[in-house]
file model-v9.txt (compact mmCIF, C-alpha atoms)
# COMPACT_ATOMS: atom_id res chain seq x y z
CA MET A 262 111.23 63.71 147.46
CA GLN A 263 107.90 65.31 148.42
CA LEU A 264 109.76 67.98 150.38
CA GLN A 265 111.90 68.79 147.33
CA ARG A 266 108.81 69.05 145.11
CA ALA A 267 107.11 71.34 147.61
CA ALA A 268 110.22 73.50 147.78
CA ARG A 269 110.41 73.73 143.98
CA LEU A 270 106.74 74.69 143.79
CA GLY A 271 107.15 77.29 146.53
CA ILE A 272 110.10 78.89 144.77
CA ALA A 273 108.25 78.84 141.44
CA LEU A 274 105.20 80.48 143.04
CA PHE A 275 107.39 83.16 144.58
CA ALA A 276 109.07 83.85 141.23
CA PHE A 277 105.71 83.88 139.46
CA PHE A 278 104.15 86.38 141.86
CA CYS A 279 107.23 88.59 141.62
CA SER A 280 107.03 88.44 137.83
CA THR A 281 103.34 89.28 137.97
CA ALA A 282 104.09 92.33 140.09
CA TRP A 283 106.59 93.51 137.51
CA ALA A 284 104.09 92.87 134.72
CA GLN A 285 101.52 95.07 136.42
CA THR A 286 103.86 98.05 136.34
CA SER A 287 105.32 97.44 132.86
CA THR A 288 104.08 97.42 129.31
CA LEU A 289 103.83 94.48 126.96
CA GLU A 290 105.54 95.35 123.68
CA VAL A 291 104.33 94.22 120.26
CA SER A 292 106.23 95.06 117.08
CA PRO A 293 104.72 96.29 114.87
CA VAL A 294 102.24 97.78 117.34
CA GLN A 295 99.13 96.76 115.32
CA PRO A 296 100.11 94.05 112.86
CA GLU A 297 98.01 93.36 109.80
CA ALA A 298 96.35 89.97 109.45
CA TYR A 299 98.94 87.26 108.70
CA GLN A 300 101.84 89.70 109.14
CA PRO A 301 104.69 88.32 111.29
CA PHE A 302 105.19 90.17 114.57
CA THR A 303 107.14 89.95 117.84
CA ILE A 304 105.80 89.92 121.41
CA THR A 305 108.19 91.08 124.14
CA THR A 306 107.14 90.36 127.72
CA PRO A 307 107.27 92.93 130.50
CA PRO A 308 110.38 92.62 132.71
CA TYR A 309 110.29 89.45 134.79
CA PHE A 310 111.94 88.86 138.16
CA SER A 311 113.85 85.61 137.83
CA LEU A 312 115.49 83.58 140.55
CA TYR A 313 117.11 81.48 137.81
CA PRO A 314 118.06 83.67 134.85
CA SER A 315 119.73 80.82 133.00
CA ASN A 316 116.46 78.85 132.95
CA LEU A 317 113.90 81.59 132.36
CA GLY A 318 112.59 81.63 128.83
CA VAL A 319 109.58 81.51 126.54
CA LEU A 320 109.32 77.87 125.53
CA GLY A 321 106.48 78.36 123.11
CA PHE A 322 103.03 79.77 122.66
CA SER A 323 99.52 78.70 121.75
CA VAL A 324 96.55 80.48 120.19
CA GLU A 325 92.99 79.41 120.92
CA ALA A 326 89.65 81.26 120.90
CA GLY A 327 91.19 84.72 120.87
CA VAL A 328 93.77 83.95 123.59
CA ILE A 329 97.54 83.90 123.09
CA THR A 330 99.32 82.00 125.85
CA LEU A 331 103.08 82.43 126.28
CA GLU A 332 104.54 79.35 127.95
CA LEU A 333 107.28 80.37 130.40
CA ALA A 334 109.85 78.33 132.30
CA LEU A 335 110.84 79.86 135.63
CA GLY A 336 113.28 77.12 136.62
CA GLU A 337 113.33 74.37 139.23
CA SER A 338 116.76 74.75 140.83
CA LEU A 339 116.77 74.84 144.66
CA ILE A 340 119.97 76.90 144.67
CA ILE A 341 119.06 80.57 144.88
CA PRO A 342 121.72 82.70 143.17
CA PRO A 343 123.31 85.53 145.18
CA SER A 344 121.48 88.15 143.17
CA SER A 345 118.25 87.97 141.20
CA SER A 346 117.88 89.39 137.71
CA ILE A 347 115.27 91.20 135.69
CA SER A 348 114.86 90.31 132.04
CA THR A 349 112.42 90.40 129.16
CA LYS A 350 111.75 87.60 126.68
CA SER A 351 110.55 87.79 123.08
CA ILE A 352 108.76 85.38 120.81
CA SER A 353 108.12 85.61 117.08
CA VAL A 354 104.62 84.91 115.75
CA THR A 355 104.28 84.05 112.05
CA GLY A 356 100.95 85.88 111.82
CA LEU A 357 97.33 85.69 112.95
CA PRO A 358 93.88 86.30 111.46
CA ALA A 359 92.24 89.67 112.14
CA GLY A 360 90.78 90.13 115.61
CA THR A 361 91.47 91.14 119.21
CA TYR A 362 93.56 88.78 121.32
CA SER A 363 94.23 88.61 125.05
CA ILE A 364 97.83 87.70 125.86
CA TYR A 365 98.54 85.58 128.94
CA SER A 366 101.70 84.14 130.47
CA LYS A 367 101.68 80.64 131.92
CA ASP A 368 104.31 79.19 134.23
CA LEU A 369 104.70 75.57 133.15
CA LEU A 370 105.94 74.56 136.61
CA SER A 371 103.09 75.93 138.72
CA GLY A 372 100.39 76.19 136.04
CA LEU A 373 99.60 79.74 137.10
CA THR A 374 98.63 82.28 134.47
CA GLY A 375 98.69 86.07 134.31
CA LEU A 376 97.17 88.57 131.90
CA LEU A 377 99.88 90.59 130.12
CA GLY A 378 97.79 92.69 127.76
CA GLN A 379 95.80 92.75 124.54
CA LEU A 380 96.65 92.78 120.86
CA THR A 381 94.59 93.95 117.89
CA VAL A 382 95.34 92.46 114.48
CA SER A 383 93.86 94.58 111.68
CA ARG A 384 91.99 93.17 108.71
CA SER A 385 93.73 92.31 105.46
CA PRO A 386 92.32 93.13 102.01
CA PRO A 387 89.73 90.64 100.69
CA SER A 388 91.18 87.46 99.21
CA LEU A 389 90.18 85.86 95.92
CA PRO A 390 89.84 82.22 94.85
CA VAL A 391 92.55 80.43 92.93
CA TYR A 392 90.89 77.80 90.75
CA ALA A 393 92.35 74.31 90.32
CA LEU A 394 91.64 72.65 86.98
CA TYR A 395 92.47 69.24 85.54
CA HIS A 396 92.67 67.85 81.99
CA PRO A 397 92.05 64.07 82.13
CA ASP A 398 93.26 63.43 78.57
CA ILE A 399 96.78 64.69 79.31
CA ASN A 400 96.68 64.13 83.10
CA HIS A 401 97.78 67.72 83.80
CA TYR A 402 96.76 70.20 86.48
CA PHE A 403 96.57 73.98 86.17
CA LEU A 404 95.92 77.05 88.36
CA THR A 405 94.32 80.38 87.57
CA ALA A 406 93.08 83.30 89.66
CA SER A 407 91.27 84.73 86.61
CA THR A 408 87.56 83.99 86.41
CA ALA A 409 87.66 84.89 82.70
CA GLN A 410 90.36 82.31 82.03
CA ARG A 411 88.55 79.74 84.17
CA ASP A 412 85.31 80.28 82.23
CA PHE A 413 87.12 80.10 78.90
CA LEU A 414 88.74 76.77 79.78
CA LEU A 415 85.52 75.28 81.16
CA GLN A 416 83.12 76.53 78.49
CA GLY A 417 85.40 76.24 75.49
CA ASN A 418 85.05 72.44 75.14
CA LEU A 419 88.79 72.18 75.71
CA GLY A 420 88.70 69.25 78.11
CA TRP A 421 89.40 71.08 81.37
CA ILE A 422 87.34 70.48 84.53
CA ILE A 423 87.38 71.88 88.08
CA VAL A 424 89.21 69.27 90.15
CA ASP A 425 88.87 70.59 93.73
CA ASP A 426 88.15 73.74 95.75
CA GLY A 427 91.54 75.31 95.01
CA PHE A 428 92.69 77.85 97.59
CA LYS A 429 92.67 81.58 98.38
CA ALA A 430 95.19 84.29 97.58
CA TRP A 431 95.20 87.96 96.53
CA PRO A 432 95.25 89.70 93.14
CA ALA A 433 98.56 90.25 91.38
CA ASN A 434 98.09 94.01 91.16
CA GLY A 435 95.37 94.75 93.72
CA PRO A 436 95.41 95.20 97.51
CA ALA A 437 97.14 92.39 99.41
CA PRO A 438 98.64 91.84 102.87
CA ALA A 439 102.18 93.07 103.32
CA ALA A 440 103.20 89.47 104.02
CA ALA A 441 101.83 88.16 100.69
CA LYS A 442 104.47 87.34 98.08
CA PRO A 443 104.14 87.67 94.29
CA VAL A 444 103.72 84.28 92.63
CA CYS A 445 105.31 83.98 89.21
CA ARG A 446 103.66 82.01 86.43
CA LEU A 447 105.83 80.40 83.79
CA TYR A 448 104.97 78.20 80.82
CA SER A 449 107.18 75.61 79.17
CA PRO A 450 106.36 74.72 75.56
CA VAL A 451 108.91 71.91 75.84
CA VAL A 452 106.85 69.94 78.38
CA ASN A 453 103.52 71.77 77.88
CA THR A 454 103.04 72.80 81.51
CA HIS A 455 102.77 75.80 83.79
CA PHE A 456 104.78 76.36 86.97
CA PHE A 457 103.92 78.64 89.91
CA SER A 458 106.28 79.80 92.64
CA ALA A 459 106.58 82.49 95.30
CA ASP A 460 110.33 81.89 95.48
CA ALA A 461 111.96 84.74 93.56
CA ALA A 462 115.22 82.82 93.08
CA SER A 463 113.41 79.85 91.48
CA CYS A 464 111.44 82.18 89.21
CA ASP A 465 114.56 84.05 88.10
CA SER A 466 116.46 80.82 87.47
CA LEU A 467 113.74 79.42 85.18
CA LYS A 468 113.33 82.73 83.35
CA GLN A 469 116.98 82.53 82.33
CA GLN A 470 116.35 79.24 80.51
CA THR A 471 115.44 80.91 77.23
CA GLY A 472 113.22 78.78 75.05
CA THR A 473 112.43 76.36 77.86
CA TRP A 474 110.39 78.64 80.12
CA ILE A 475 108.30 81.68 79.15
CA ASP A 476 107.56 84.32 81.79
CA GLU A 477 103.81 84.99 81.93
CA GLY A 478 104.03 87.52 84.77
CA ILE A 479 102.61 87.47 88.29
CA ALA A 480 99.64 85.15 88.65
CA PHE A 481 98.56 86.25 92.15
CA ARG A 482 99.99 87.05 95.58
CA ALA A 483 100.06 84.44 98.32
CA LEU A 484 101.15 83.91 101.89
CA VAL A 485 104.09 81.54 102.26
CA PRO A 486 105.26 79.27 105.09
CA THR A 487 107.93 80.39 107.55
CA ALA A 488 110.32 77.53 108.33
CA GLY A 489 107.69 75.18 106.88
CA THR A 490 104.85 76.50 109.06
CA CYS A 491 101.86 78.53 107.84
CA PRO A 492 100.38 81.36 109.95
CA SER A 493 97.53 80.57 112.31
CA GLY A 494 94.19 80.73 110.48
CA THR A 495 95.61 79.49 107.18
CA LEU A 496 95.88 76.15 105.43
CA PRO A 497 99.09 74.88 103.85
CA VAL A 498 98.98 74.50 100.07
CA TRP A 499 101.04 71.43 99.23
CA ARG A 500 102.89 71.05 95.92
CA LEU A 501 103.30 67.76 94.07
CA TYR A 502 105.46 66.90 91.05
CA ASN A 503 104.75 64.06 88.64
CA ASN A 504 108.48 63.38 88.04
CA ARG A 505 108.05 63.02 84.26
CA PHE A 506 110.67 65.43 82.96
CA ALA A 507 112.45 62.60 81.14
CA GLN A 508 109.22 61.98 79.21
CA LEU A 509 108.83 65.72 78.46
CA ASP A 510 105.61 65.59 80.47
CA SER A 511 106.35 67.54 83.68
CA ASN A 512 103.44 68.83 85.73
CA HIS A 513 102.73 70.09 89.24
CA ARG A 514 99.60 70.02 91.36
CA TYR A 515 98.76 72.24 94.36
CA VAL A 516 96.36 70.93 97.04
CA THR A 517 95.12 71.89 100.51
CA SER A 518 93.96 68.37 101.36
CA GLN A 519 96.61 66.38 103.18
CA ASP A 520 94.73 63.18 102.29
CA THR A 521 94.98 64.05 98.59
CA TYR A 522 98.64 64.93 99.04
CA ARG A 523 99.41 61.56 100.61
CA HIS A 524 97.29 59.68 98.08
CA MET A 525 99.15 61.20 95.13
CA ILE A 526 102.52 60.47 96.73
CA ALA A 527 101.39 56.85 97.10
CA ASN A 528 100.64 56.89 93.37
CA GLY A 529 104.10 58.00 92.35
CA TRP A 530 104.01 61.80 92.61
CA ILE A 531 106.78 63.55 94.55
CA GLY A 532 105.66 65.62 97.54
CA GLU A 533 107.44 68.99 97.58
CA GLY A 534 105.98 70.33 100.82
CA ALA A 535 103.90 73.41 101.60
CA ARG A 536 104.54 76.26 99.16
CA PHE A 537 101.65 78.66 99.87
CA CYS A 538 99.31 79.34 102.80
CA SER A 539 95.60 79.83 102.11
CA PRO A 540 93.46 81.94 104.49
CA GLU A 541 90.58 79.88 105.89
call {"tool": "encode", "arguments": {"input": "model-v9.txt", "output": "structure tokens"}}
result
Amino acid sequence: MQLQRAARLGIALFAFFCSTAWAQTSTLEVSPVQPEAYQPFTITTPPYFSLYPSNLGVLGFSVEAGVITLELALGESLIIPPSSSISTKSISVTGLPAGTYSIYSKDLLSGLTGLLGQLTVSRSPPSLPVYALYHPDINHYFLTASTAQRDFLLQGNLGWIIVDDGFKAWPANGPAPAAAKPVCRLYSPVVNTHFFSADAASCDSLKQQTGTWIDEGIAFRALVPTAGTCPSGTLPVWRLYNNRFAQLDSNHRYVTSQDTYRHMIANGWIGEGARFCSPE
């Protein structure tokens, strides 16, 4: 057993050093070349020499303190194929905050690492706060990115209060990251509530319900999750629904606190998952 482990490690080390040699003479590819903050991009490794092409792959990646580590599997088979192969591997990144990152590869079998190159992520336009308000008399929540509307609701003796820290997004018509999506704002006089969504299909569907939903335009622009995951450096914004359509009292709340999200679910609200991503 020990002999087999030693053999596997020796083969992995040989493959790793061969791959490192290829990396030194090849170029790491990033597309787009200099992504904007929070913009999805793809990293393609330099060509790797693989003893086991069927097993070689990028299993995942991690980001910590300005370092991106690509986790590679070089294979453990003791059967050396008649001919080796050279291949590249790609991984998709949902986006990162602005900064300069060093990119390393790590062989999960041997634990050895190698520097592949560097990546610069450019800054995005400044974000703005989205304010979260609450009306205790009607038990409804509301969002606005307008400081004028916030001040009107708070100073107008209308019963609204700031309920939490809200989250961050970008103006509807001002500079925003390419990855930020327009968030529609609709109002229903039937249930006296507002609804916000970055999903164009949902917005269009509600707009077609004449008399039930009124289109109030784009409220702001926001990052959205990819396959349920927000980009590194952002917080998920969770959406909750009070499930009171039958009582003509529908309302949604948007929170960044997972504790608040769980607490409201425990009190009868329906958790609808992460809908936006707020830069930290």
call {"tool": "residues_near_point", "arguments": {"input": "model-v9.txt", "point": "(109.2, 73.9, 77.5)", "cutoff": "9 Å", "atoms": "all atoms listed in the file", "output": "compact mmCIF listing (two decimals) with C-alpha atoms, keeping the file's coordinate frame"}}
result
# COMPACT_ATOMS: atom_id res chain seq x y z
CA TYR A 448 104.97 78.20 80.82
CA SER A 449 107.18 75.61 79.17
CA PRO A 450 106.36 74.72 75.56
CA VAL A 451 108.91 71.91 75.84
CA VAL A 452 106.85 69.94 78.38
CA ASN A 453 103.52 71.77 77.88
CA THR A 454 103.04 72.80 81.51
CA GLY A 472 113.22 78.78 75.05
CA THR A 473 112.43 76.36 77.86
CA TRP A 474 110.39 78.64 80.12
CA ILE A 475 108.30 81.68 79.15
CA LEU A 509 108.83 65.72 78.46
call {"tool": "closest_residue", "arguments": {"input": "model-v9.txt", "among": "A:Thr349, A:Ser518, A:Ser385, A:Asn504", "to": "A:Ala298", "atoms": "all atoms listed in the file"}}
result
A:Ser385
call {"tool": "residues_around", "arguments": {"input": "model-v9.txt", "residues": "stretch 300-306 of chain A", "least_positions_apart": "2", "cutoff": "10 Å", "atoms": "all atoms listed in the file", "output": "MDAnalysis selection string"}}
result
chainID A and resid 284 287:298 308:309 319 331 348:358 364:366 377:378 380 382:383 385 438:441 484 487 492
call {"tool": "closest_residue", "arguments": {"input": "model-v9.txt", "among": "A:Gly529, A:Gly375, A:Pro386, A:Gly327", "to": "A:Thr361", "atoms": "only C-alpha atoms"}}
result
A:Gly327
call {"tool": "closest_residue", "arguments": {"input": "model-v9.txt", "among": "A:Leu501, A:Ala527, A:Ala462, A:Leu404", "to": "A:Ile423", "atoms": "only C-alpha atoms"}}
result
A:Leu404
call {"tool": "atom_distance", "arguments": {"input": "model-v9.txt", "atom1": "atom CA of A:Ala409", "atom2": "atom CA of A:Val391"}}
result
12.2 Å
